[in-house]
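Containing CSV, C-alpha atoms and all ligand atoms: final04.csv.
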chain,number,residue,atom,x,y,z
A,1,MET,CA,-28.3,48.5,13.9
A,2,ASP,CA,-27.0,45.6,11.9
A,3,ALA,CA,-29.9,44.0,10.0
A,4,GLY,CA,-28.9,40.6,11.3
A,5,LEU,CA,-29.5,41.8,14.9
A,6,MET,CA,-33.0,43.2,14.2
A,7,SER,CA,-35.7,41.9,16.5
A,8,GLN,CA,-39.3,41.5,15.4
A,9,LEU,CA,-42.6,41.4,17.2
A,10,THR,CA,-45.1,39.8,14.8
A,11,LEU,CA,-48.8,39.9,15.2
A,12,THR,CA,-50.7,37.5,13.0
A,13,ASN,CA,-54.6,37.7,12.8
A,14,VAL,CA,-54.8,38.7,16.5
A,15,SER,CA,-58.3,38.9,18.0
A,16,VAL,CA,-59.2,39.4,21.7
A,17,LYS,CA,-62.6,38.9,23.3
A,18,LEU,CA,-63.6,40.7,26.5
A,19,GLY,CA,-66.9,39.5,27.9
A,20,GLN,CA,-69.2,38.9,24.9
A,21,GLU,CA,-67.5,41.4,22.7
A,22,THR,CA,-64.6,41.0,20.3
A,23,VAL,CA,-62.7,44.2,21.0
A,24,VAL,CA,-59.6,43.6,18.9
A,25,GLN,CA,-60.2,42.0,15.6
A,26,ASP,CA,-57.9,40.4,13.1
A,27,VAL,CA,-54.8,42.6,13.7
A,28,SER,CA,-51.7,41.7,11.8
A,29,ALA,CA,-48.4,43.7,12.0
A,30,ASP,CA,-44.7,43.3,12.0
A,31,LEU,CA,-43.0,45.6,14.5
A,32,THR,CA,-39.2,45.9,14.2
A,33,SER,CA,-36.4,47.2,16.3
A,34,SER,CA,-35.1,50.8,16.1
A,35,LYS,CA,-38.5,52.2,15.5
A,36,LEU,CA,-41.0,54.2,17.5
A,37,TYR,CA,-44.6,53.1,16.9
A,38,VAL,CA,-47.5,55.1,18.1
A,39,LEU,CA,-51.0,53.6,18.5
A,40,VAL,CA,-53.8,56.1,17.9
A,41,GLY,CA,-57.5,55.8,17.8
A,42,PRO,CA,-60.7,57.2,19.4
A,43,ASN,CA,-61.8,56.1,22.9
A,44,GLY,CA,-62.7,52.4,22.9
A,45,ALA,CA,-60.8,51.7,19.7
A,46,GLY,CA,-58.9,48.8,21.3
A,47,LYS,CA,-55.5,50.3,22.0
A,48,THR,CA,-55.1,49.3,25.6
A,49,THR,CA,-56.5,45.8,24.8
A,50,LEU,CA,-54.0,45.3,22.0
A,51,LEU,CA,-51.1,46.5,24.2
A,52,LYS,CA,-52.2,44.1,27.0
A,53,ALA,CA,-52.4,41.3,24.4
A,54,MET,CA,-48.9,42.1,23.2
A,55,ALA,CA,-47.7,41.9,26.8
A,56,SER,CA,-49.4,38.5,27.1
A,57,LEU,CA,-51.7,39.8,29.8
A,58,LEU,CA,-54.8,38.8,28.0
A,59,PRO,CA,-55.5,35.5,26.2
A,60,LEU,CA,-56.0,35.7,22.4
A,61,LYS,CA,-59.3,34.5,21.0
A,62,ASP,CA,-57.5,33.9,17.7
A,63,GLY,CA,-54.1,34.5,16.2
A,64,LEU,CA,-50.5,34.5,17.3
A,65,ILE,CA,-48.0,36.9,18.7
A,66,ARG,CA,-44.4,36.0,18.3
A,67,PHE,CA,-41.1,37.6,19.2
A,68,ASN,CA,-38.2,36.7,17.0
A,69,GLY,CA,-40.2,33.7,15.8
A,70,GLU,CA,-41.1,32.3,19.2
A,71,GLU,CA,-44.7,32.4,20.4
A,72,LEU,CA,-45.0,34.5,23.5
A,73,ALA,CA,-48.1,32.6,24.9
A,74,GLY,CA,-46.0,29.5,25.6
A,75,GLN,CA,-43.2,31.4,27.5
A,76,THR,CA,-42.9,31.8,31.3
A,77,PRO,CA,-43.5,35.3,32.6
A,78,ALA,CA,-39.8,35.5,33.5
A,79,ARG,CA,-38.7,34.6,30.0
A,80,ARG,CA,-41.2,37.1,28.5
A,81,ALA,CA,-39.9,39.8,30.7
A,82,GLU,CA,-36.4,39.4,29.1
A,83,SER,CA,-37.9,40.6,25.8
A,84,ILE,CA,-41.0,42.7,26.7
A,85,ALA,CA,-41.6,45.5,29.3
A,86,TYR,CA,-45.0,47.0,29.8
A,87,LEU,CA,-46.2,50.3,31.4
A,88,PRO,CA,-49.9,49.9,32.3
A,89,GLN,CA,-52.3,52.9,32.2
A,90,ASP,CA,-52.9,52.6,35.9
A,91,ARG,CA,-50.2,54.6,37.7
A,92,SER,CA,-50.9,53.4,41.2
A,93,ILE,CA,-48.0,52.3,43.5
A,94,ALA,CA,-48.9,50.1,46.5
A,95,TRP,CA,-46.0,50.9,48.9
A,96,ASP,CA,-44.3,54.2,49.9
A,97,LEU,CA,-40.8,53.1,48.8
A,98,ALA,CA,-38.1,55.6,47.7
A,99,CYS,CA,-38.3,56.5,44.0
A,100,VAL,CA,-35.0,54.9,43.4
A,101,ASP,CA,-36.2,51.6,44.9
A,102,VAL,CA,-39.4,51.6,42.9
A,103,ALA,CA,-37.5,52.2,39.7
A,104,ALA,CA,-35.0,49.5,40.6
A,105,LEU,CA,-37.8,46.9,40.7
A,106,GLY,CA,-37.6,46.9,36.9
A,107,ALA,CA,-34.0,45.9,37.0
A,108,GLN,CA,-34.2,42.5,38.7
A,109,HIS,CA,-31.6,41.1,36.3
A,110,LEU,CA,-28.9,43.2,38.1
A,111,THR,CA,-27.4,43.0,41.6
A,112,PRO,CA,-29.2,45.4,44.0
A,113,ASP,CA,-26.3,47.9,43.8
A,114,LEU,CA,-26.2,47.9,40.1
A,115,ALA,CA,-30.0,48.1,39.9
A,116,ARG,CA,-30.0,51.2,42.1
A,117,GLN,CA,-27.2,52.8,40.0
A,118,LYS,CA,-29.1,52.2,36.8
A,119,SER,CA,-32.3,53.3,38.3
A,120,PHE,CA,-30.7,56.6,39.6
A,121,ALA,CA,-29.3,57.3,36.1
A,122,GLU,CA,-32.8,56.8,34.6
A,123,LEU,CA,-34.4,59.0,37.2
A,124,GLN,CA,-31.8,61.6,36.5
A,125,ALA,CA,-32.6,61.4,32.7
A,126,LEU,CA,-36.3,61.9,33.6
A,127,GLY,CA,-35.5,65.0,35.8
A,128,LEU,CA,-36.0,63.3,39.2
A,129,GLN,CA,-32.5,63.2,40.7
A,130,GLU,CA,-33.5,65.6,43.5
A,131,VAL,CA,-36.4,63.4,44.7
A,132,SER,CA,-34.8,60.0,44.1
A,133,ASP,CA,-34.6,59.2,47.8
A,134,ARG,CA,-38.1,60.5,48.6
A,135,GLY,CA,-41.1,58.2,49.1
A,136,VAL,CA,-43.3,58.0,46.1
A,137,PHE,CA,-46.4,58.9,48.0
A,138,GLY,CA,-45.0,62.4,48.5
A,139,LEU,CA,-44.6,63.0,44.7
A,140,SER,CA,-46.9,64.9,42.3
A,141,GLY,CA,-48.9,62.8,39.8
A,142,GLY,CA,-46.5,63.7,37.0
A,143,GLN,CA,-43.4,62.8,39.0
A,144,ARG,CA,-44.9,59.5,40.0
A,145,ALA,CA,-45.7,58.8,36.3
A,146,ARG,CA,-42.0,59.4,35.5
A,147,VAL,CA,-40.8,57.1,38.3
A,148,LEU,CA,-43.0,54.3,36.8
A,149,LEU,CA,-41.6,55.0,33.4
A,150,ALA,CA,-38.1,54.8,34.8
A,151,ARG,CA,-39.0,51.4,36.3
A,152,VAL,CA,-39.9,50.1,32.8
A,153,LEU,CA,-36.9,51.8,31.1
A,154,VAL,CA,-34.3,50.1,33.4
A,155,SER,CA,-35.5,46.7,32.3
A,156,PRO,CA,-33.3,44.6,29.9
A,157,ALA,CA,-36.3,44.2,27.5
A,158,GLU,CA,-36.0,44.8,23.8
A,159,VAL,CA,-39.6,45.8,23.4
A,160,PHE,CA,-41.3,48.6,25.4
A,161,LEU,CA,-45.1,48.6,25.4
A,162,LEU,CA,-46.3,51.9,27.0
A,163,ASP,CA,-50.0,52.6,27.6
A,164,GLU,CA,-50.5,56.4,27.5
A,165,PRO,CA,-47.0,57.2,29.0
A,166,LEU,CA,-47.7,60.9,28.8
A,167,ILE,CA,-50.7,61.0,31.1
A,168,ALA,CA,-50.2,63.5,33.9
A,169,LEU,CA,-47.1,65.0,32.4
A,170,ASP,CA,-46.8,68.7,31.6
A,171,PRO,CA,-46.2,69.8,28.0
A,172,ALA,CA,-42.4,70.1,28.5
A,173,TRP,CA,-42.1,66.7,30.1
A,174,GLN,CA,-44.4,65.1,27.4
A,175,ARG,CA,-41.8,66.1,24.8
A,176,GLN,CA,-38.8,65.2,27.0
A,177,VAL,CA,-40.2,61.7,27.5
A,178,LEU,CA,-40.9,61.3,23.8
A,179,ILE,CA,-37.3,62.4,23.0
A,180,ARG,CA,-36.1,59.8,25.6
A,181,LEU,CA,-38.2,57.1,24.0
A,182,LYS,CA,-37.0,58.1,20.5
A,183,GLN,CA,-33.4,57.7,21.8
A,184,ARG,CA,-34.3,54.2,22.9
A,185,ALA,CA,-35.6,53.4,19.5
A,186,GLU,CA,-32.5,54.8,17.8
A,187,ALA,CA,-30.4,52.7,20.1
A,188,GLY,CA,-32.1,49.6,18.7
A,189,GLN,CA,-35.1,48.9,21.0
A,190,THR,CA,-38.7,48.7,19.8
A,191,VAL,CA,-40.9,51.3,21.4
A,192,ILE,CA,-44.7,51.0,21.1
A,193,LEU,CA,-46.9,53.5,22.8
A,194,SER,CA,-50.5,54.7,22.8
A,195,LEU,CA,-51.2,58.4,22.6
A,196,HIS,CA,-54.3,60.6,22.3
A,197,ASP,CA,-52.3,63.7,21.3
A,198,LEU,CA,-52.2,63.4,17.5
A,199,HIS,CA,-49.9,66.4,17.2
A,200,LEU,CA,-47.2,64.6,19.2
A,201,ALA,CA,-47.9,61.4,17.3
A,202,ALA,CA,-47.4,63.2,14.0
A,203,GLN,CA,-44.1,64.7,15.2
A,204,PHE,CA,-42.5,61.8,16.9
A,205,ALA,CA,-43.8,58.5,15.4
A,206,ASP,CA,-41.8,56.5,12.8
A,207,GLN,CA,-44.9,54.5,12.2
A,208,VAL,CA,-48.5,55.1,13.3
A,209,LEU,CA,-50.9,52.3,14.0
A,210,LEU,CA,-54.4,53.7,13.4
A,211,MET,CA,-57.1,51.7,15.3
A,212,HIS,CA,-60.8,52.1,15.0
A,213,LYS,CA,-63.6,49.8,16.4
A,214,GLY,CA,-61.1,47.1,17.3
A,215,LYS,CA,-59.4,46.9,13.9
A,216,LEU,CA,-56.1,48.1,12.7
A,217,VAL,CA,-57.2,50.4,9.9
A,218,LYS,CA,-53.7,51.1,8.7
A,219,MET,CA,-50.0,51.1,9.9
A,220,ASP,CA,-47.9,53.6,8.0
A,221,THR,CA,-45.9,56.8,8.3
A,222,PRO,CA,-47.5,59.9,9.9
A,223,GLU,CA,-47.7,61.4,6.3
A,224,ASN,CA,-49.8,58.5,5.1
A,225,ILE,CA,-52.0,58.2,8.2
A,226,PHE,CA,-52.9,61.8,9.0
A,227,VAL,CA,-54.6,62.5,5.7
A,228,PRO,CA,-58.0,64.3,5.5
A,229,GLU,CA,-60.0,61.1,4.7
A,230,LEU,CA,-58.8,59.1,7.6
A,231,LEU,CA,-58.9,62.0,10.1
A,232,SER,CA,-62.5,62.6,9.2
A,233,GLU,CA,-63.5,58.9,9.0
A,234,VAL,CA,-61.9,57.8,12.3
A,235,PHE,CA,-61.7,60.9,14.5
A,236,ASN,CA,-64.4,63.1,13.0
A,237,LEU,CA,-61.8,65.8,12.6
A,238,LYS,CA,-61.0,68.0,9.7
A,239,GLY,CA,-57.2,68.3,9.2
A,240,GLU,CA,-54.0,67.8,7.3
A,241,LEU,CA,-50.4,67.2,8.0
A,242,VAL,CA,-48.0,69.9,6.8
A,243,SER,CA,-44.3,68.8,6.4
A,244,GLY,CA,-41.3,71.1,6.0
A,245,ASP,CA,-37.8,71.7,7.4
A,246,GLY,CA,-37.8,68.2,8.8
A,247,GLN,CA,-40.9,69.0,11.0
A,248,ARG,CA,-44.4,67.7,10.7
A,249,THR,CA,-47.2,69.9,11.9
A,250,LEU,CA,-50.8,68.6,12.1
A,251,ARG,CA,-53.6,71.2,11.6
A,252,LEU,CA,-56.9,70.1,13.1
A,253,GLU,CA,-60.4,71.5,13.3
A,254,SER,CA,-63.5,69.8,14.8
A,255,LEU,CA,-66.3,68.7,12.5
A,256,PRO,CA,-69.9,68.9,13.7
A,257,LEU,CA,-70.7,66.1,16.1
A,258,LEU,CA,-72.1,63.0,14.4
B,1,LIG,N1,-63.6,43.8,30.7
B,1,LIG,C1,-64.2,44.2,29.6
B,1,LIG,N2,-65.3,43.6,29.2
B,1,LIG,C2,-66.0,43.9,28.1
B,1,LIG,N3,-65.6,44.9,27.3
B,1,LIG,C3,-64.5,45.6,27.7
B,1,LIG,C4,-63.7,45.3,28.9
B,1,LIG,N4,-62.7,46.1,28.9
B,1,LIG,C5,-62.8,46.9,27.9
B,1,LIG,N5,-63.8,46.6,27.1
B,1,LIG,C6,-64.3,47.3,25.9
B,1,LIG,O1,-63.3,47.1,24.9
B,1,LIG,C7,-63.2,48.2,24.0
B,1,LIG,C8,-61.8,48.6,23.8
B,1,LIG,O2,-61.3,49.1,25.0
B,1,LIG,P1,-59.8,49.6,25.2
B,1,LIG,O3,-59.6,50.1,26.6
B,1,LIG,O4,-58.9,48.7,24.6
B,1,LIG,O5,-59.8,50.9,24.2
B,1,LIG,P2,-58.8,52.1,24.1
B,1,LIG,O6,-58.6,52.4,22.6
B,1,LIG,O7,-57.6,51.9,24.9
B,1,LIG,O8,-59.7,53.3,24.7
B,1,LIG,P3,-59.3,54.7,25.5
B,1,LIG,O9,-58.7,55.6,24.4
B,1,LIG,O10,-60.6,55.2,25.9
B,1,LIG,O11,-58.3,54.3,26.6
B,1,LIG,C9,-64.1,49.3,24.6
B,1,LIG,O12,-65.3,49.3,23.9
B,1,LIG,C10,-64.3,48.8,26.0
B,1,LIG,O13,-65.6,49.2,26.5
Rewritten as structure tokens:
Amino acid sequence: MDAGLMSQLTLTNVSVKLGQETVVQDVSADLTSSKLYVLVGPNGAGKTTLLKAMASLLPLKDGLIRFNGEELAGQTPARRAESIAYLPQDRSIAWDLACVDVAALGAQHLTPDLARQKSFAELQALGLQEVSDRGVFGLSGGQRARVLLARVLVSPAEVFLLDEPLIALDPAWQRQVLIRLKQRAEAGQTVILSLHDLHLAAQFADQVLLMHKGKLVKMDTPENIFVPELLSEVFNLKGELVSGDGQRTLRLESLPLL
């Protein structure tokens, strides 16, 4: 992508308070287009909260989030939706609409016919062409998760925020979805997702955001994040990343419980 067309999501000293607790603390990062970012961290590290804050679904206690220099908090939801799409962790769907119609809800910028066409193409890419006319209540958990992912991917947004997009997917579809998301990054979009599977994070991420206790410990390449000291300090795991033939393999062992 031409450097002049790069888009940038900028977090400056972002803190979020939930109840009495500051659960995201002083996070700063520049997230640019054409990259796949993976948020990792133990349960309760603040990944979901940070993604919701980036989607402007939570107010900030401190700090700023800007997209291409413009503060998101001041924008109308419709304006924000032009730049940012969000997949929540909750995969519930309220109505038993056909898959193709659920996915088309993400493409409100198009005419109904074009939205359905685009949504069918995305469902096809996610292996759901045969069930596209079926009601979502009759799908398996993994199929429904892919329909909701399609709804996000048909949007015109430049940034995709995806909270645990691989939940409920079998191992083959976990990889297919990551390949699809990587294609989106290569096509110039910014893809930011949370994952618990560190092996997949190591293989697919361009940059990893390592979170622990509400703080961004480090944002860097998998090679510089999955090092023995950080794996032990943050995850209580013994491990190392082995690179070769363009592949990254993470070897992990448990340490005794703290
Ligand atoms: N409504 C709330 N009020 C108070 N604290 C909350 C609230 N929601 C979440 N928290 C706390 O905020 C912290 C961060 O939660 P968050 O869901 O962002 O973590 P996470 O990294 O996504 O975790 P997981 O991997 O378990 O999904 C946790 O300690 C959680 O208990």
Throw together the list of residues within 9 Å of ligand LIG 1 (chain B), counting all atoms listed in the file, and drop it here as a PyMOL selection string. chain A and resi 17-24+39-52+89+163-164+194-196+211-214
Please, what distance in Å, to one decimal, runs between CA of Glu233 (chain A) and CA of Asp220 (chain A)? 16.5 Å
One decimal place gives the CA of Arg80 (chain A)-CA of Gln189 (chain A) separation as 15.3 Å
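Each of A:Val102, A:Leu9, A:Leu161, A:Val27 was checked against Leu57 (chain A) using all atoms listed in the file; the smallest atom-to-atom distance is that of A:Leu161.
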State, in Å with one decimal place, the distance from CA of Val131 (chain A) to CA of Ala104 (chain A). 14.6 Å
Show which residues sit within 10 Å of Trp95 (chain A), as a ChimeraX atom specification. Count only C-alpha atoms, and ignore same-chain residues fewer than 3 positions away. /A:92,98,102,135-137
I'd like the neighbourhood of region 251-257 of chain A as JSON, numbers by chain, where a residue qualifies if any of its atoms comes within 12 Å (using only C-alpha atoms), though same-chain residues fewer than 3 positions away should be ignored. {"A": [197, 198, 199, 200, 202, 226, 227, 228, 231, 232, 233, 234, 235, 236, 237, 238, 239, 240, 241, 242, 243, 248]}
Could those residues be written to a file, using C-alpha atoms, as a CSV table (one decimal), in the frame of the given file?
chain,number,residue,atom,x,y,z
A,197,ASP,CA,-52.3,63.7,21.3
A,198,LEU,CA,-52.2,63.4,17.5
A,199,HIS,CA,-49.9,66.4,17.2
A,200,LEU,CA,-47.2,64.6,19.2
A,202,ALA,CA,-47.4,63.2,14.0
A,226,PHE,CA,-52.9,61.8,9.0
A,227,VAL,CA,-54.6,62.5,5.7
A,228,PRO,CA,-58.0,64.3,5.5
A,231,LEU,CA,-58.9,62.0,10.1
A,232,SER,CA,-62.5,62.6,9.2
A,233,GLU,CA,-63.5,58.9,9.0
A,234,VAL,CA,-61.9,57.8,12.3
A,235,PHE,CA,-61.7,60.9,14.5
A,236,ASN,CA,-64.4,63.1,13.0
A,237,LEU,CA,-61.8,65.8,12.6
A,238,LYS,CA,-61.0,68.0,9.7
A,239,GLY,CA,-57.2,68.3,9.2
A,240,GLU,CA,-54.0,67.8,7.3
A,241,LEU,CA,-50.4,67.2,8.0
A,242,VAL,CA,-48.0,69.9,6.8
A,243,SER,CA,-44.3,68.8,6.4
A,248,ARG,CA,-44.4,67.7,10.7
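Candidate residues A:Ala81, A:Pro112, A:Ser7, A:Lys118 were compared for distance to Phe67 (chain A), and the nearest is A:Ser7, using only C-alpha atoms.
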Exercise: Val14 (chain A) partners within 6 Å, all atoms listed in the file, chain neighbours under 5 positions left out, as a ChimeraX atom specification: /A:26-27,62-63
Name the closest residue to Leu162 (chain A) among the candidates A:Arg144, A:Arg79, A:Arg91, A:Lys218; distances are taken between atoms, counting all atoms listed in the file. A:Arg91
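If you measure from each of A:Leu250, A:Leu58, A:Ala85, A:Leu105 to Pro156 (chain A) using all atoms listed in the file, the closest one turns out to be A:Ala85.
With only C-alpha atoms as the atoms that count, the residue of A:Val177, A:Ala205, A:Met6, A:Ala187 with the shortest distance to Ala125 (chain A) is A:Val177.
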Given the choices A:Val100, A:Ala201, A:Leu31, A:Leu87, which gets closest to Phe160 (chain A) if the distance is worked out from all atoms listed in the file? A:Leu87
Counting all atoms listed in the file, find residues at most 6 Å from (-59.9, 37.6, 23.5) (file frame) and give them as a compact mmCIF listing (two decimals) with C-alpha atoms, in the frame of the given file.
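Produced file result_6.txt, reproduced below:
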# COMPACT_ATOMS: atom_id res chain seq x y z
CA SER A 15 -58.30 38.90 18.00
CA VAL A 16 -59.20 39.40 21.70
CA LYS A 17 -62.60 38.90 23.30
CA LEU A 18 -63.60 40.70 26.50
CA PRO A 59 -55.50 35.50 26.20
CA LEU A 60 -56.00 35.70 22.40
CA LYS A 61 -59.30 34.50 21.00
